[in-house]
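A.B. asks: A single structure is presented below for examination.
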Amino acid sequence: MSVAVLYAVTGLGLFSLGLYALIVRAHLLRKILALNIMGSGVFLVLTALARRAPDGPPDPVPHAMVITGIVVAVAATALALVLLRRVVETTGQPRLPDPDSE
Amino acid sequence: MTPRGAAPWLRFSVALLLVGMFAALAWVLLGLPPRSAGLQPQVAAQMAVSGVDHPVTAVLLNFRGYDTLLEMAVLLLACLGVWSLSPAVPPTDETPGAMLAALPRQLVPLMVLMAGYLLWRGATGPGGAFQAGAVLGAAGVLLLLTGWRLPVRWQGWRLRLLLIAGVGMFVLVALAVVPASGVLLGYPLPVAGTLILLIEALAGLSIGVTLMALFLGGEPGASR
């Protein structure tokens, strides 16, 4: 197993951990954090796989995708945080209403 | 349902499913060829007509220009979403201590200089509009955190102009090169480097201002 693949598997692990928290945790801030961890995992996979180039510089296309991805992730997180604040103001709770409990 | 989230049996089955997913995807990753150039040879072959010397910048601003153009639009959309949801968080009346007031005065000029350097550097090495925009955005957030307030006369059309400058210039250049090359974003080689620098300068500025505007948490100057 090469170093690049080790990094890629680590990224996959981050993605899986984030997905677990996204599904299981009810608190919306935890869900937003989970989405960010999933995104970081995907970025790590992309940059790690770009490093497999035999010699010379790594593949620039995944790098370009990660750069745009990071900015989009930051913007999406800001939007999610404002939505979270709105949910708290409206319902008084930092979680989505549960249809089973009503 | 417990306030902490899902029931234990549900958590266990989700964990089991995700371990399965991890194993399957890891198996795929381990099965990939250990050495693969990906698209690197194609990019290297076209570098001469890109107008810049750094492959990542060439991919971002030239070969996959559409991606970057739409990504700027996504950034603007996120800002519009934040503004439409709520007015800006009202500033507190707290005045920062002497240290905290002095720190940004030393740091922010350096950060602006750094952003300019990163922007210029993007043509030949790692750097470019996004890195410059991130540093500018960080400078803006630092200012907002240490008691600086967006002046009222900058909250109107001036701020909006800065927000749309990046995507606006990108669209203008994309259309302006159509008569010369026949396609959107097909920069003619003699001016490609200049056009890319022009787009990057305004895109970097817009990204920085947008990140700062997102940090305001809503539309500045609006009332509910």
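In the structure tokens, each chain is lettered A, B, ... as it comes, each chain's residues begin at 1, and ligands are numbered from 1 in order of appearance.
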Check every residue of chain B for an atom within 9 Å of chain A, counting only C-alpha atoms, and provide those that qualify as a PyMOL selection string.
C.D. replies: chain B and resi 1+3-7+10-11+14-15+18-19+21-22+25-26+29-30+32-41+43+55-60+64+67-68+71-72+74-76+78-79+81-82+85-86+130-131+134+207+210-211+214-215+217-218
A.B. asks: Skipping near chain neighbours, those fewer than 5 positions away, what residues fall within 12 Å of stretch 172-181 of chain B using only C-alpha atoms, listed as a VMD selection string?
C.D. replies: chain B and resid 61 to 62 65 to 66 68 to 69 164 to 167 186 to 192 194 to 200 202
A.B. asks: Take the residues just selected and output them with N, CA and C atoms as a tab-separated table (two decimals), in the first residue's frame.
C.D. replies:
```tsv
chain	number	residue	atom	x	y	z
B	61	LEU	N	-8.68	28.44	-14.30
B	61	LEU	CA	-9.14	29.64	-15.00
B	61	LEU	C	-9.29	29.44	-16.49
B	62	ASN	N	-8.69	28.38	-17.04
B	62	ASN	CA	-8.74	28.23	-18.49
B	62	ASN	C	-9.43	26.93	-18.91
B	65	GLY	N	-12.71	26.55	-16.96
B	65	GLY	CA	-13.19	27.87	-16.56
B	65	GLY	C	-14.65	27.87	-16.16
B	66	TYR	N	-15.45	27.03	-16.81
B	66	TYR	CA	-16.87	26.97	-16.48
B	66	TYR	C	-17.08	26.64	-14.99
B	68	THR	N	-15.14	27.20	-12.47
B	68	THR	CA	-14.80	28.31	-11.59
B	68	THR	C	-15.83	29.42	-11.69
B	69	LEU	N	-16.33	29.65	-12.92
B	69	LEU	CA	-17.37	30.67	-13.12
B	69	LEU	C	-18.61	30.31	-12.30
B	164	ILE	N	-20.39	41.29	-6.58
B	164	ILE	CA	-20.63	40.73	-7.92
B	164	ILE	C	-19.47	40.99	-8.87
B	165	ALA	N	-18.41	41.71	-8.41
B	165	ALA	CA	-17.32	42.08	-9.32
B	165	ALA	C	-16.68	40.84	-9.95
B	166	GLY	N	-16.44	39.80	-9.14
B	166	GLY	CA	-15.74	38.61	-9.64
B	166	GLY	C	-16.52	37.91	-10.73
B	167	VAL	N	-17.76	37.54	-10.40
B	167	VAL	CA	-18.55	36.79	-11.37
B	167	VAL	C	-18.90	37.68	-12.55
B	186	GLY	N	-12.97	31.05	-24.39
B	186	GLY	CA	-11.83	30.61	-25.19
B	186	GLY	C	-10.87	31.77	-25.38
B	187	TYR	N	-9.98	31.98	-24.39
B	187	TYR	CA	-9.10	33.15	-24.44
B	187	TYR	C	-8.14	33.04	-25.62
B	188	PRO	N	-8.01	34.11	-26.44
B	188	PRO	CA	-6.95	34.09	-27.46
B	188	PRO	C	-5.58	34.12	-26.78
B	189	LEU	N	-4.65	33.34	-27.32
B	189	LEU	CA	-3.37	33.13	-26.62
B	189	LEU	C	-2.60	34.41	-26.26
B	190	PRO	N	-2.49	35.41	-27.17
B	190	PRO	CA	-1.64	36.56	-26.81
B	190	PRO	C	-2.12	37.29	-25.55
B	191	VAL	N	-3.44	37.30	-25.28
B	191	VAL	CA	-3.93	38.05	-24.13
B	191	VAL	C	-4.41	37.13	-23.01
B	192	ALA	N	-4.22	35.82	-23.16
B	192	ALA	CA	-4.78	34.88	-22.17
B	192	ALA	C	-4.27	35.17	-20.76
B	194	THR	N	-3.08	37.96	-19.46
B	194	THR	CA	-3.63	39.21	-18.94
B	194	THR	C	-5.08	39.03	-18.51
B	195	LEU	N	-5.87	38.37	-19.37
B	195	LEU	CA	-7.28	38.16	-19.03
B	195	LEU	C	-7.42	37.35	-17.76
B	196	ILE	N	-6.58	36.30	-17.63
B	196	ILE	CA	-6.66	35.45	-16.43
B	196	ILE	C	-6.31	36.26	-15.19
B	197	LEU	N	-5.29	37.11	-15.29
B	197	LEU	CA	-4.91	37.93	-14.14
B	197	LEU	C	-6.03	38.91	-13.78
B	198	LEU	N	-6.67	39.48	-14.81
B	198	LEU	CA	-7.77	40.42	-14.59
B	198	LEU	C	-8.93	39.72	-13.87
B	199	ILE	N	-9.30	38.52	-14.37
B	199	ILE	CA	-10.39	37.78	-13.72
B	199	ILE	C	-10.01	37.44	-12.29
B	200	GLU	N	-8.75	36.97	-12.12
B	200	GLU	CA	-8.33	36.52	-10.79
B	200	GLU	C	-8.31	37.67	-9.79
B	202	LEU	N	-10.20	40.41	-9.68
B	202	LEU	CA	-11.55	40.75	-9.23
B	202	LEU	C	-12.19	39.58	-8.50
```
A.B. asks: So that I can check the surroundings of B:Met111, please list as a PyMOL selection string every protein, DNA and RNA residue that reaches within 8 Å of it, counting only C-alpha atoms and ignoring chain neighbours fewer than 4 positions away.
C.D. replies: chain B and resi 107+115+135-136+139
A.B. asks: I'd like the neighbourhood of B:Leu159 as number ranges by chain, where a residue qualifies if any of its atoms comes within 10 Å (using only C-alpha atoms), though same-chain residues fewer than 6 positions away should be ignored.
C.D. replies: B: 150, 153, 165, 206, 209-210, 213, 220
A.B. asks: Interatomic distance between atom CA of B:Leu144 and atom CA of B:Leu103?
C.D. replies: 12.6 Å
A.B. asks: Separation of atom CA of A:Leu44 and atom CA of B:Val28, in Å?
C.D. replies: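 Taking atom CA of A:Leu44 and atom CA of B:Val28, their separation equals 15.9 Å.
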A.B. asks: For atom CA of B:Phe170 and atom CA of B:Ala203, determine how far apart the two atoms are, in Å to one decimal place.
C.D. replies: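 We find that atom CA of B:Phe170 and atom CA of B:Ala203 lie 7.9 Å from each other.
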A.B. asks: Residues within 7 Å of stretch 125-129 of chain B, please, as an MDAnalysis selection string. Count only C-alpha atoms; anything in the same chain fewer than 4 positions from it doesn't count.
C.D. replies: chainID B and resid 54 57 118:121 133 200:201 203:204
